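*Asks:* My questions all concern the structure below.
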Amino acid sequence: MDTIGAERELTYAEATREAMQEEMRRDPTVWLLGEDIALQGGIFGQFQHLPQEFGFERVVDTPISEAAIVAAAVGAALTGTRPVVDIHFADFLTCAMDEVINQAAKISLMFGGQARLPLVIRAPSGMVRSAAAQHSQSPEAWFVHTPGLKVVAPSTPADAKGLLQAAIRDDGPVIYFEHKALYTLRGPVPTADVEPIPIGRAAVRRKGRDVTIISYSRTVHDAMAAAEALQSAHAIGAEVIDLRSLWPWDSETVLRSVRKTHRVLIAHEAPRVGGFGGEVAATLVEEAFDYLDAPIVRLGAPHTPIPFSPPLEQQVRVTAAQIVAAVRAMG
Amino acid sequence: MATGGDLLPPLAPVARITLWHTMLRIRRFEETVERLFLAGELPGFVHLCIGQEATAAGACAALRIDDYITSTHRGHGHTLAKGADPARMMAELFGKATGVCRGRGGSMHIADFSVGMLGANGIVAGGLGLAAGAAMSIKLRGTAQVALAFFGDGAANRGPFHESLNWAAVYRLPVIFLCEHNQYASTTSARSLTAVEDIADRAVAYAIPSVVVDGNDAEAVYEATRVAVERARSGEGPSLVECKTYRLRGHYVGDPTTYRDREELERWRARDPLLLLEYRLLQEDPTRAEELQRLRAAVEAELEAAVAFARTSPLPEAASALEYAFIG
Ligand SMILES: Cc1ncc(C[n+]2csc(CCOP(=O)(O)OP(=O)(O)O)c2C)c(N)n1
Ligand SMILES: [Mg+2]
């Protein structure tokens, strides 16, 4: 039997499944809907065994009807249930954009806060194995730009669990980005009865005095690898901050670090132009300008849809080597 | 829709052999892709149309090279049947610079505009509206072309299917909506999540004539499509052709297909579209065996050359990653 609060290793996919399981056990109004989740258990195995435990009324296979999936979830969230939508690939959020942007995000404001809208939209994002232009995007910035939504993007199994739990318990709409390349990542995950990870709080993954590297989702792992290399090969101490939540985001933790290191690099897989790194950089310029000893560096994908061929895909991905080179070039 | 409208002469024997040949080219292409993918030679994900060759071959046989098609995630067969070069297709699946999309698209975005193939699509139902738009362009330009959209049974549950049908009907567009009803959308049987048995029933709501045919009978698909094409070419507007078929492989290569039973698979295997037409051709004239044998050898030679071309072609230069991203 697991000790309460103890940790063991799970994969990221297993961690999301455990979060679903625990939330569905503690709250009978939590339910799941999406394509190929119940019978198949999800294309990454992240829903396996859930229908067996909770039944096909609470784990619902839907037609290929993204607009209806999200609209139905919004309606169900307004009327006393807590739907969790799986959107298959984050790229297909476009097929339900009106339901996310014009309905879910605005209902609280438009109707003067008459109802809560406890909705979670899970969106597998990111590049993996040459999935090509329509199955590889990291579209989180679109949603950060939309007032009314919360946006999270966990990078570890523990955060995958804790943030999904927090998202489910949250009373507003939350877009939960899970990176497809992280599903098989193993790491320690707390067992039941640990408080969920609060939305809006970053994690300092590594302490350092020379430079702050800010990232989220899969790129955190590249940032960590870069930080190790910077330390061992160049004696540069990098502090790595995993934002975890993009809206709201933890500017305080970031500012505290920058006031100490005076140098900042922001890295994400999403396109650099209009990416979340721009928001972070602008905030730092506004609030910590006097502390900066070098221009802020932003790394992100170049301005192209994701090409298929492996060398091209690799070319548009932010890597640890790029982070190392960019930090060294800061002087 | 009346399927018997004799606007074109029935298929001559030689055209039927061509139909069989096209199906064989698709079948062997797909089997080769499957083998290469499992051997780790192909990046990405692949969806095969093994078992559904009759829809691609039959429908495209009713089209001219300057007609347009839009396709789905399961698009290799459509692309081949429309006339694309298998060597450049294979190179695309390998992600090579010589690929038909220069290695940028891969299996799910295979396209060959030079033969009117306007693209496979990673977005289910993404192609229907594009075909309607191509048909509007045909009207504007005043040509005698038509556009045909392949789509799956699952795609008929997305909004764009419904919007495109009404659209095509009100503008009387020269477009054919060709449904490949293969009984499943990924793991989900059409029976469980599509309220009607025949997608063709939905065409009624948009005042579009429709027909349901045996999608494993390439001649039947051809017949139904050519009637629809003639309607379109003569300005009578859109049609929907529904082909009942079955994919004999998983949704994608690697799919464990736990959601369907062996017996169902065997039932459909017995109705293999290639065997059906071959049987018919040989029943009528056993001396055709020789010609079929000759075509078999030709298909193998074509494929071998395609794989060799793909293997020996260069990968794109990493530094060229941004090329074609932006029409500037
Ligand atoms: C908008 C959208 N939703 C979901 C998917 C994931 N997906 C890819 S193929 C597929 C099933 C499609 O079924 P159908 O239209 O019947 O075509 P088939 O695979 O049977 O050829 C699904 C759900 C997608 N690619 N696009
Ligand atoms: Mg189908």
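Note on naming: chains are A, B, ... as they come in the structure tokens, residues start from 1 per chain, ligands start from 1 in the order shown.
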Tell me the residues of chain B close to chain A, meaning within 8 Å using only C-alpha atoms, as a ChimeraX atom specification.
*Replies:* /B:43-45,94-96,103-106,108,122-124,154-155,157-159,186-188,193-194,258-259,315-322,325-326
*Asks:* Kindly save the residues from that selection, with N, CA, C and O atoms included, as a CSV table (one decimal), in the first residue's frame.
*Replies:*
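Listed below is the output, part03.csv:
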```
chain,number,residue,atom,x,y,z
B,43,PRO,N,10.2,8.4,-41.4
B,43,PRO,CA,9.8,9.2,-40.2
B,43,PRO,C,8.3,9.4,-40.2
B,43,PRO,O,7.6,9.1,-41.1
B,44,GLY,N,7.8,9.9,-39.1
B,44,GLY,CA,6.4,10.4,-39.0
B,44,GLY,C,5.5,9.2,-38.7
B,44,GLY,O,5.8,8.2,-38.1
B,45,PHE,N,4.2,9.4,-39.2
B,45,PHE,CA,3.2,8.5,-39.0
B,45,PHE,C,2.6,8.2,-40.4
B,45,PHE,O,2.5,9.0,-41.2
B,94,PHE,N,10.0,9.5,-47.3
B,94,PHE,CA,11.3,9.4,-46.7
B,94,PHE,C,11.8,10.8,-46.2
B,94,PHE,O,12.8,10.9,-45.5
B,95,GLY,N,11.1,11.8,-46.5
B,95,GLY,CA,11.5,13.2,-46.1
B,95,GLY,C,12.6,13.7,-46.9
B,95,GLY,O,13.4,14.5,-46.5
B,96,LYS,N,12.7,13.3,-48.2
B,96,LYS,CA,13.8,13.7,-49.0
B,96,LYS,C,13.5,15.0,-49.8
B,96,LYS,O,12.4,15.3,-50.1
B,103,GLY,N,10.0,17.2,-49.2
B,103,GLY,CA,10.3,16.7,-47.8
B,103,GLY,C,9.6,17.5,-46.7
B,103,GLY,O,9.8,17.2,-45.5
B,104,ARG,N,8.8,18.5,-47.1
B,104,ARG,CA,8.2,19.4,-46.1
B,104,ARG,C,6.9,18.8,-45.5
B,104,ARG,O,6.4,19.2,-44.4
B,105,GLY,N,6.2,17.9,-46.3
B,105,GLY,CA,4.9,17.5,-45.9
B,105,GLY,C,4.8,16.1,-45.3
B,105,GLY,O,4.2,15.9,-44.3
B,106,GLY,N,5.4,15.1,-46.0
B,106,GLY,CA,5.4,13.8,-45.5
B,106,GLY,C,4.0,13.1,-45.9
B,106,GLY,O,3.3,13.7,-46.6
B,108,MET,N,1.2,12.6,-44.4
B,108,MET,CA,-0.1,13.3,-44.1
B,108,MET,C,-0.4,14.5,-44.9
B,108,MET,O,-1.5,15.0,-44.9
B,122,GLY,N,-4.1,16.7,-42.6
B,122,GLY,CA,-4.0,16.2,-41.3
B,122,GLY,C,-5.2,16.6,-40.4
B,122,GLY,O,-5.3,16.1,-39.3
B,123,ILE,N,-6.1,17.4,-41.0
B,123,ILE,CA,-7.2,17.8,-40.3
B,123,ILE,C,-8.4,17.1,-40.9
B,123,ILE,O,-8.8,17.3,-42.1
B,124,VAL,N,-9.1,16.3,-40.1
B,124,VAL,CA,-10.2,15.5,-40.6
B,124,VAL,C,-11.3,16.5,-41.1
B,124,VAL,O,-11.6,17.5,-40.4
B,154,GLY,N,-16.0,9.3,-40.6
B,154,GLY,CA,-15.8,10.1,-39.4
B,154,GLY,C,-15.9,11.6,-39.7
B,154,GLY,O,-16.4,12.4,-38.9
B,155,ALA,N,-15.3,12.0,-40.9
B,155,ALA,CA,-15.3,13.4,-41.2
B,155,ALA,C,-16.7,14.0,-41.4
B,155,ALA,O,-16.9,15.2,-41.2
B,157,ASN,N,-19.0,13.9,-39.5
B,157,ASN,CA,-19.5,14.4,-38.2
B,157,ASN,C,-18.9,15.7,-37.8
B,157,ASN,O,-19.2,16.3,-36.8
B,158,ARG,N,-18.1,16.3,-38.7
B,158,ARG,CA,-17.5,17.6,-38.4
B,158,ARG,C,-18.3,18.7,-39.2
B,158,ARG,O,-18.9,18.4,-40.3
B,159,GLY,N,-18.4,19.9,-38.6
B,159,GLY,CA,-19.1,21.0,-39.2
B,159,GLY,C,-18.8,21.2,-40.6
B,159,GLY,O,-19.7,21.5,-41.4
B,186,SER,N,-10.8,6.0,-36.6
B,186,SER,CA,-9.9,5.5,-35.7
B,186,SER,C,-10.4,4.3,-35.0
B,186,SER,O,-10.7,3.3,-35.6
B,187,THR,N,-10.6,4.4,-33.7
B,187,THR,CA,-11.1,3.2,-32.9
B,187,THR,C,-12.6,3.0,-32.8
B,187,THR,O,-13.1,2.1,-32.2
B,188,THR,N,-13.3,4.0,-33.4
B,188,THR,CA,-14.7,4.1,-33.1
B,188,THR,C,-15.5,3.6,-34.3
B,188,THR,O,-15.3,4.1,-35.4
B,193,LEU,N,-21.1,6.0,-33.3
B,193,LEU,CA,-21.1,7.5,-33.1
B,193,LEU,C,-21.6,8.3,-34.3
B,193,LEU,O,-21.4,9.5,-34.4
B,194,THR,N,-22.2,7.6,-35.3
B,194,THR,CA,-22.8,8.3,-36.4
B,194,THR,C,-24.2,7.8,-36.5
B,194,THR,O,-24.5,6.6,-36.6
B,258,THR,N,-7.5,-3.3,-31.5
B,258,THR,CA,-8.2,-4.2,-30.6
B,258,THR,C,-9.7,-3.9,-30.6
B,258,THR,O,-10.5,-4.6,-30.0
B,259,TYR,N,-10.1,-2.9,-31.4
B,259,TYR,CA,-11.6,-2.5,-31.4
B,259,TYR,C,-12.4,-3.3,-32.4
B,259,TYR,O,-13.6,-2.9,-32.6
B,315,LEU,N,18.7,14.3,-48.3
B,315,LEU,CA,17.8,14.9,-47.4
B,315,LEU,C,17.8,16.4,-47.7
B,315,LEU,O,18.8,16.9,-48.2
B,316,PRO,N,16.8,17.2,-47.3
B,316,PRO,CA,16.9,18.7,-47.5
B,316,PRO,C,18.0,19.2,-46.6
B,316,PRO,O,18.3,18.7,-45.5
B,317,GLU,N,18.6,20.3,-47.0
B,317,GLU,CA,19.6,21.0,-46.2
B,317,GLU,C,18.9,21.6,-45.0
B,317,GLU,O,17.9,22.3,-45.1
B,318,ALA,N,19.5,21.4,-43.8
B,318,ALA,CA,18.9,21.9,-42.6
B,318,ALA,C,18.7,23.4,-42.7
B,318,ALA,O,17.7,24.0,-42.3
B,319,ALA,N,19.6,24.1,-43.4
B,319,ALA,CA,19.6,25.5,-43.5
B,319,ALA,C,18.4,26.0,-44.3
B,319,ALA,O,18.1,27.2,-44.3
B,320,SER,N,17.8,25.1,-45.1
B,320,SER,CA,16.7,25.5,-45.9
B,320,SER,C,15.3,25.4,-45.2
B,320,SER,O,14.3,25.5,-45.8
B,321,ALA,N,15.4,25.2,-43.9
B,321,ALA,CA,14.1,25.0,-43.1
B,321,ALA,C,13.1,26.0,-43.3
B,321,ALA,O,11.9,25.7,-43.3
B,322,LEU,N,13.5,27.3,-43.6
B,322,LEU,CA,12.4,28.3,-43.7
B,322,LEU,C,11.9,28.5,-45.1
B,322,LEU,O,11.0,29.3,-45.3
B,325,ALA,N,8.1,28.8,-46.3
B,325,ALA,CA,7.2,29.0,-45.1
B,325,ALA,C,6.3,30.3,-45.3
B,325,ALA,O,5.2,30.3,-44.7
B,326,PHE,N,6.8,31.2,-46.1
B,326,PHE,CA,6.1,32.5,-46.2
B,326,PHE,C,6.1,32.9,-47.6
B,326,PHE,O,7.2,32.9,-48.3
```
*Asks:* Per residue of chain B within 9 Å of ligand 1, which atom pair is closest and at what distance in Å (one decimal), using only C-alpha atoms and all ligand atoms, listed by chain and increasing number, as CSV?
*Replies:*
```
residue,atom,partner,partner_atom_place_in_ligand_line,distance
B:His47,CA,ligand 1,19 (O),7.6
B:Leu48,CA,ligand 1,21 (O),8.6
B:Cys49,CA,ligand 1,21 (O),7.6
B:Thr72,CA,ligand 1,21 (O),7.2
B:His73,CA,ligand 1,9 (S),6.3
B:Arg74,CA,ligand 1,21 (O),5.7
B:Gly75,CA,ligand 1,21 (O),8.8
B:Asn121,CA,ligand 1,25 (N),7.8
B:Gly122,CA,ligand 1,25 (N),4.9
B:Ile123,CA,ligand 1,26 (N),3.8
B:Val124,CA,ligand 1,26 (N),3.9
B:Ala125,CA,ligand 1,1 (C),6.8
B:Gly126,CA,ligand 1,1 (C),7.5
B:Phe151,CA,ligand 1,15 (O),6.0
B:Gly152,CA,ligand 1,15 (O),3.3
B:Asp153,CA,ligand 1,16 (O),4.0
B:Gly154,CA,ligand 1,15 (O),3.5
B:Ala155,CA,ligand 1,15 (O),3.9
B:Ala156,CA,ligand 1,15 (O),7.0
B:Asn157,CA,ligand 1,15 (O),8.4
B:Arg158,CA,ligand 1,1 (C),7.6
B:Cys179,CA,ligand 1,15 (O),8.7
B:Glu180,CA,ligand 1,21 (O),7.0
B:His181,CA,ligand 1,16 (O),6.5
B:Asn182,CA,ligand 1,20 (O),5.6
B:Gln183,CA,ligand 1,20 (O),7.0
B:Tyr184,CA,ligand 1,20 (O),5.1
B:Ala185,CA,ligand 1,13 (O),3.3
B:Ser186,CA,ligand 1,11 (C),4.4
B:Thr187,CA,ligand 1,11 (C),7.9
B:Thr188,CA,ligand 1,11 (C),8.3
B:Ser189,CA,ligand 1,16 (O),8.8
B:Ala190,CA,ligand 1,16 (O),7.8
B:Tyr246,CA,ligand 1,20 (O),8.4
B:Arg247,CA,ligand 1,20 (O),7.5
B:His251,CA,ligand 1,19 (O),5.9
B:Tyr252,CA,ligand 1,19 (O),8.3
```
*Asks:* For the residues in the current selection, export N, CA, C and O atoms as a tab-separated table (two decimals), in the first residue's frame.
*Replies:*
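selection-v8.tsv, written as the output of this step:
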```tsv
chain	number	residue	atom	x	y	z
B	47	HIS	N	-0.80	6.39	-42.51
B	47	HIS	CA	-2.13	5.78	-42.58
B	47	HIS	C	-2.24	5.11	-43.95
B	47	HIS	O	-2.09	5.79	-44.97
B	48	LEU	N	-2.50	3.83	-43.96
B	48	LEU	CA	-2.54	3.08	-45.22
B	48	LEU	C	-3.99	2.87	-45.68
B	48	LEU	O	-4.90	2.79	-44.87
B	49	CYS	N	-4.16	2.72	-47.01
B	49	CYS	CA	-5.51	2.52	-47.55
B	49	CYS	C	-5.68	1.11	-48.10
B	49	CYS	O	-6.52	0.89	-48.97
B	72	THR	N	-7.45	13.09	-47.75
B	72	THR	CA	-7.53	12.96	-46.30
B	72	THR	C	-6.14	12.60	-45.76
B	72	THR	O	-5.16	12.64	-46.49
B	73	HIS	N	-6.09	12.22	-44.49
B	73	HIS	CA	-4.85	11.71	-43.90
B	73	HIS	C	-4.44	10.37	-44.53
B	73	HIS	O	-3.35	9.91	-44.33
B	74	ARG	N	-5.40	9.74	-45.21
B	74	ARG	CA	-5.14	8.42	-45.81
B	74	ARG	C	-5.04	8.62	-47.32
B	74	ARG	O	-5.84	8.10	-48.08
B	75	GLY	N	-4.04	9.34	-47.77
B	75	GLY	CA	-4.10	9.89	-49.11
B	75	GLY	C	-3.17	9.31	-50.16
B	75	GLY	O	-3.16	9.79	-51.31
B	121	ASN	N	-4.56	15.71	-45.94
B	121	ASN	CA	-4.89	16.67	-44.90
B	121	ASN	C	-4.79	16.03	-43.53
B	121	ASN	O	-5.34	14.96	-43.30
B	122	GLY	N	-4.11	16.70	-42.64
B	122	GLY	CA	-4.00	16.21	-41.27
B	122	GLY	C	-5.20	16.59	-40.43
B	122	GLY	O	-5.34	16.13	-39.30
B	123	ILE	N	-6.05	17.41	-40.99
B	123	ILE	CA	-7.25	17.84	-40.27
B	123	ILE	C	-8.45	17.13	-40.89
B	123	ILE	O	-8.77	17.35	-42.06
B	124	VAL	N	-9.07	16.28	-40.11
B	124	VAL	CA	-10.21	15.53	-40.62
B	124	VAL	C	-11.29	16.50	-41.11
B	124	VAL	O	-11.63	17.45	-40.41
B	125	ALA	N	-11.76	16.26	-42.33
B	125	ALA	CA	-12.75	17.10	-43.02
B	125	ALA	C	-12.16	18.41	-43.54
B	125	ALA	O	-12.89	19.26	-44.02
B	126	GLY	N	-10.84	18.53	-43.47
B	126	GLY	CA	-10.20	19.74	-43.96
B	126	GLY	C	-10.32	19.95	-45.46
B	126	GLY	O	-10.23	21.08	-45.95
B	151	PHE	N	-13.45	11.97	-48.49
B	151	PHE	CA	-13.54	12.15	-47.03
B	151	PHE	C	-14.02	10.86	-46.39
B	151	PHE	O	-14.62	10.01	-47.05
B	152	GLY	N	-13.77	10.72	-45.10
B	152	GLY	CA	-14.13	9.49	-44.40
B	152	GLY	C	-15.49	9.60	-43.73
B	152	GLY	O	-16.08	10.67	-43.64
B	153	ASP	N	-15.98	8.46	-43.26
B	153	ASP	CA	-17.25	8.45	-42.52
B	153	ASP	C	-17.15	9.31	-41.27
B	153	ASP	O	-18.09	10.01	-40.90
B	154	GLY	N	-15.98	9.30	-40.63
B	154	GLY	CA	-15.80	10.10	-39.42
B	154	GLY	C	-15.85	11.59	-39.72
B	154	GLY	O	-16.38	12.38	-38.92
B	155	ALA	N	-15.33	11.97	-40.87
B	155	ALA	CA	-15.29	13.38	-41.24
B	155	ALA	C	-16.70	13.96	-41.39
B	155	ALA	O	-16.90	15.17	-41.24
B	156	ALA	N	-17.66	13.10	-41.68
B	156	ALA	CA	-19.03	13.57	-41.89
B	156	ALA	C	-19.66	14.06	-40.59
B	156	ALA	O	-20.78	14.59	-40.59
B	157	ASN	N	-18.96	13.88	-39.46
B	157	ASN	CA	-19.48	14.38	-38.19
B	157	ASN	C	-18.90	15.74	-37.83
B	157	ASN	O	-19.20	16.28	-36.76
B	158	ARG	N	-18.08	16.28	-38.70
B	158	ARG	CA	-17.54	17.62	-38.42
B	158	ARG	C	-18.34	18.68	-39.16
B	158	ARG	O	-18.88	18.43	-40.26
B	179	CYS	N	-17.42	9.91	-50.25
B	179	CYS	CA	-17.23	9.38	-48.90
B	179	CYS	C	-16.66	7.96	-48.96
B	179	CYS	O	-17.24	7.08	-49.58
B	180	GLU	N	-15.54	7.77	-48.30
B	180	GLU	CA	-14.99	6.42	-48.15
B	180	GLU	C	-15.45	5.93	-46.78
B	180	GLU	O	-14.81	6.21	-45.77
B	181	HIS	N	-16.58	5.23	-46.80
B	181	HIS	CA	-17.12	4.73	-45.53
B	181	HIS	C	-16.46	3.40	-45.23
B	181	HIS	O	-16.89	2.36	-45.71
B	182	ASN	N	-15.42	3.46	-44.40
B	182	ASN	CA	-14.68	2.22	-44.10
B	182	ASN	C	-15.05	1.68	-42.72
B	182	ASN	O	-14.30	0.93	-42.12
B	183	GLN	N	-16.20	2.07	-42.23
B	183	GLN	CA	-16.82	1.51	-41.01
B	183	GLN	C	-16.22	2.04	-39.71
B	183	GLN	O	-16.83	1.87	-38.66
B	184	TYR	N	-15.07	2.67	-39.77
B	184	TYR	CA	-14.43	3.14	-38.54
B	184	TYR	C	-13.84	4.53	-38.70
B	184	TYR	O	-13.39	4.90	-39.78
B	185	ALA	N	-13.85	5.25	-37.60
B	185	ALA	CA	-13.05	6.48	-37.48
B	185	ALA	C	-12.08	6.19	-36.34
B	185	ALA	O	-12.51	6.09	-35.18
B	186	SER	N	-10.84	6.00	-36.64
B	186	SER	CA	-9.86	5.50	-35.66
B	186	SER	C	-10.40	4.26	-34.98
B	186	SER	O	-10.68	3.27	-35.63
B	187	THR	N	-10.64	4.37	-33.68
B	187	THR	CA	-11.05	3.18	-32.92
B	187	THR	C	-12.56	3.05	-32.82
B	187	THR	O	-13.07	2.13	-32.19
B	188	THR	N	-13.27	4.01	-33.40
B	188	THR	CA	-14.69	4.11	-33.14
B	188	THR	C	-15.50	3.63	-34.34
B	188	THR	O	-15.33	4.15	-35.45
B	189	SER	N	-16.38	2.69	-34.12
B	189	SER	CA	-17.18	2.20	-35.24
B	189	SER	C	-18.20	3.25	-35.61
B	189	SER	O	-18.73	3.96	-34.76
B	190	ALA	N	-18.47	3.35	-36.90
B	190	ALA	CA	-19.46	4.31	-37.37
B	190	ALA	C	-20.81	4.03	-36.70
B	190	ALA	O	-21.55	4.96	-36.37
B	246	TYR	N	-13.69	-0.93	-46.43
B	246	TYR	CA	-13.10	-1.38	-45.17
B	246	TYR	C	-11.60	-1.25	-45.26
B	246	TYR	O	-11.01	-1.59	-46.29
B	247	ARG	N	-10.98	-0.74	-44.20
B	247	ARG	CA	-9.52	-0.75	-44.25
B	247	ARG	C	-9.05	-2.06	-43.62
B	247	ARG	O	-9.45	-2.42	-42.52
B	251	HIS	N	-5.66	1.74	-38.17
B	251	HIS	CA	-5.87	3.15	-38.50
B	251	HIS	C	-4.55	3.77	-38.98
B	251	HIS	O	-4.52	4.52	-39.94
B	252	TYR	N	-3.48	3.43	-38.28
B	252	TYR	CA	-2.13	3.86	-38.67
B	252	TYR	C	-1.24	2.63	-38.54
B	252	TYR	O	-1.63	1.65	-37.90
```
*Asks:* Nearest residue to ligand 2 out of B:Leu303, B:Ala131, B:Ile199, B:Cys60, using only C-alpha atoms and all ligand atoms?
*Replies:* B:Ile199
*Asks:* Go through stretch 96-272 of chain A and collect every residue that DSSP, computed from the backbone, puts in helix (DSSP H, G or I); the answer should be as a PyMOL selection string.
*Replies:* chain A and resi 96-104+107-110+140-144+157-169+180-182+219-234+251-261
*Asks:* Rounded to one decimal in Å, what is the spacing between atom CA of A:Lys180 and atom CA of A:Phe44?
*Replies:*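 Atom CA of A:Lys180 sits 8.2 Å away from atom CA of A:Phe44.
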*Asks:* Quick check, in Å to one decimal: how far apart do atom CA of A:Ala115 and atom CA of A:Asp171 lie?
*Replies:*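 We find that atom CA of A:Ala115 and atom CA of A:Asp171 lie 9.4 Å from each other.
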*Asks:* For ligand 2, which residue out of B:Gln283, B:Thr70, B:Gln52, B:Ser164 is the nearest one, using only C-alpha atoms and all ligand atoms?
*Replies:*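 Of the candidates, the smallest distance to ligand 2 is held by B:Gln52.
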*Asks:* As an MDAnalysis selection string, please: every residue in stretch 72-289 of chain A that DSSP puts in strand (DSSP E).
*Replies:* chainID A and resid 82:86 120:125 150:152 174:179 186:190 203:206 211:215 238:242 245:247 264:271
*Asks:* Which one of B:Leu165, B:Ala81, B:Ala87, B:Cys101 sits closest to B:Ala205 if you count only C-alpha atoms?
*Replies:*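 The answer is B:Leu165, which sits nearest to B:Ala205.
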*Asks:* Excluding same-chain residues fewer than 6 positions from B:Arg280, what lies within 12 Å of it counting only C-alpha atoms, as a list in words?
*Replies:*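 The residues that qualify are Pro13, Arg16, Ile17, Trp20, Asp217, Ala218, Glu219, Pro273, Leu274, Pro286, Arg288 and Ala289 of chain B.
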*Asks:* Taking 3 positions as the minimum chain separation for residues in the same chain, which residues sit within 10 Å of B:Lys139 when counting only C-alpha atoms? Answer as a tab-separated table (two decimals) with all heavy atoms, in the first residue's frame.
*Replies:*
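For reference, result-v9.tsv as written:
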```
chain	number	residue	atom	x	y	z
B	133	GLY	N	-14.21	25.30	-52.81
B	133	GLY	CA	-13.56	26.52	-53.28
B	133	GLY	C	-12.93	26.35	-54.66
B	133	GLY	O	-13.03	27.25	-55.51
B	134	ALA	N	-12.31	25.20	-54.89
B	134	ALA	CA	-11.75	24.91	-56.21
B	134	ALA	C	-12.88	24.92	-57.24
B	134	ALA	O	-12.72	25.42	-58.37
B	134	ALA	CB	-11.02	23.58	-56.21
B	135	ALA	N	-14.03	24.41	-56.84
B	135	ALA	CA	-15.18	24.37	-57.76
B	135	ALA	C	-15.70	25.78	-58.04
B	135	ALA	O	-16.13	26.09	-59.16
B	135	ALA	CB	-16.28	23.49	-57.17
B	136	MET	N	-15.64	26.66	-57.05
B	136	MET	CA	-16.03	28.06	-57.30
B	136	MET	C	-15.08	28.70	-58.28
B	136	MET	O	-15.49	29.47	-59.17
B	136	MET	CB	-16.02	28.85	-56.00
B	136	MET	CG	-17.25	28.63	-55.15
B	136	MET	SD	-17.35	29.82	-53.80
B	136	MET	CE	-18.78	30.79	-54.31
B	142	GLY	N	-14.58	29.69	-65.70
B	142	GLY	CA	-15.35	29.20	-66.83
B	142	GLY	C	-14.74	28.01	-67.54
B	142	GLY	O	-14.90	27.84	-68.75
B	143	THR	N	-14.04	27.15	-66.80
B	143	THR	CA	-13.49	25.94	-67.41
B	143	THR	C	-14.46	24.77	-67.21
B	143	THR	O	-15.44	24.89	-66.48
B	143	THR	CB	-12.14	25.57	-66.78
B	143	THR	OG1	-12.36	25.17	-65.43
B	143	THR	CG2	-11.17	26.73	-66.83
B	144	ALA	N	-14.14	23.65	-67.82
B	144	ALA	CA	-15.00	22.47	-67.70
B	144	ALA	C	-14.47	21.48	-66.67
B	144	ALA	O	-14.81	20.31	-66.69
B	144	ALA	CB	-15.14	21.79	-69.07
B	145	GLN	N	-13.63	21.98	-65.76
B	145	GLN	CA	-13.08	21.07	-64.75
B	145	GLN	C	-14.11	20.75	-63.68
B	145	GLN	O	-15.15	21.40	-63.59
B	145	GLN	CB	-11.88	21.75	-64.06
B	145	GLN	CG	-10.71	22.06	-64.97
B	145	GLN	CD	-9.81	23.08	-64.30
B	145	GLN	OE1	-10.12	24.28	-64.29
B	145	GLN	NE2	-8.71	22.62	-63.73
B	146	VAL	N	-13.77	19.75	-62.87
B	146	VAL	CA	-14.56	19.46	-61.67
B	146	VAL	C	-13.59	19.28	-60.50
B	146	VAL	O	-12.40	19.10	-60.70
B	146	VAL	CB	-15.44	18.19	-61.82
B	146	VAL	CG1	-16.38	18.32	-63.02
B	146	VAL	CG2	-14.59	16.92	-61.91
B	171	TYR	N	-24.57	27.21	-54.48
B	171	TYR	CA	-23.84	27.79	-55.61
B	171	TYR	C	-23.78	26.84	-56.81
B	171	TYR	O	-23.10	27.13	-57.79
B	171	TYR	CB	-22.42	28.20	-55.18
B	171	TYR	CG	-22.40	29.30	-54.15
B	171	TYR	CD1	-21.84	29.10	-52.90
B	171	TYR	CD2	-22.94	30.56	-54.43
B	171	TYR	CE1	-21.81	30.11	-51.95
B	171	TYR	CE2	-22.92	31.57	-53.48
B	171	TYR	CZ	-22.35	31.34	-52.24
B	171	TYR	OH	-22.33	32.34	-51.31
B	172	ARG	N	-24.47	25.69	-56.69
B	172	ARG	CA	-24.49	24.69	-57.79
B	172	ARG	C	-23.08	24.42	-58.31
B	172	ARG	O	-22.79	24.55	-59.51
B	172	ARG	CB	-25.35	25.21	-58.94
B	172	ARG	CG	-26.78	24.75	-58.90
B	172	ARG	CD	-27.55	25.34	-60.07
B	172	ARG	NE	-27.75	24.36	-61.15
B	172	ARG	CZ	-28.71	23.46	-61.14
B	172	ARG	NH1	-29.56	23.39	-60.14
B	172	ARG	NH2	-28.84	22.64	-62.15
B	173	LEU	N	-22.22	24.01	-57.42
B	173	LEU	CA	-20.81	23.89	-57.77
B	173	LEU	C	-20.48	22.55	-58.43
B	173	LEU	O	-21.07	21.53	-58.09
B	173	LEU	CB	-19.94	24.07	-56.51
B	173	LEU	CG	-20.05	25.43	-55.84
B	173	LEU	CD1	-19.19	25.46	-54.58
B	173	LEU	CD2	-19.63	26.54	-56.80
B	174	PRO	N	-19.53	22.56	-59.35
B	174	PRO	CA	-19.08	21.32	-59.98
B	174	PRO	C	-18.17	20.53	-59.05
B	174	PRO	O	-16.95	20.46	-59.25
B	174	PRO	CB	-18.33	21.81	-61.22
B	174	PRO	CG	-17.81	23.15	-60.85
B	174	PRO	CD	-18.82	23.75	-59.90
B	235	GLY	N	-22.97	21.46	-65.42
B	235	GLY	CA	-23.54	22.59	-64.71
B	235	GLY	C	-24.72	22.24	-63.82
B	235	GLY	O	-25.46	23.12	-63.37
```
*Asks:* Counting only C-alpha atoms, what is within 10 Å of B:Arg296, bar same-chain residues fewer than 6 positions away, as a VMD selection string?
*Replies:* chain B and resid 21 24 to 25 28 290 302
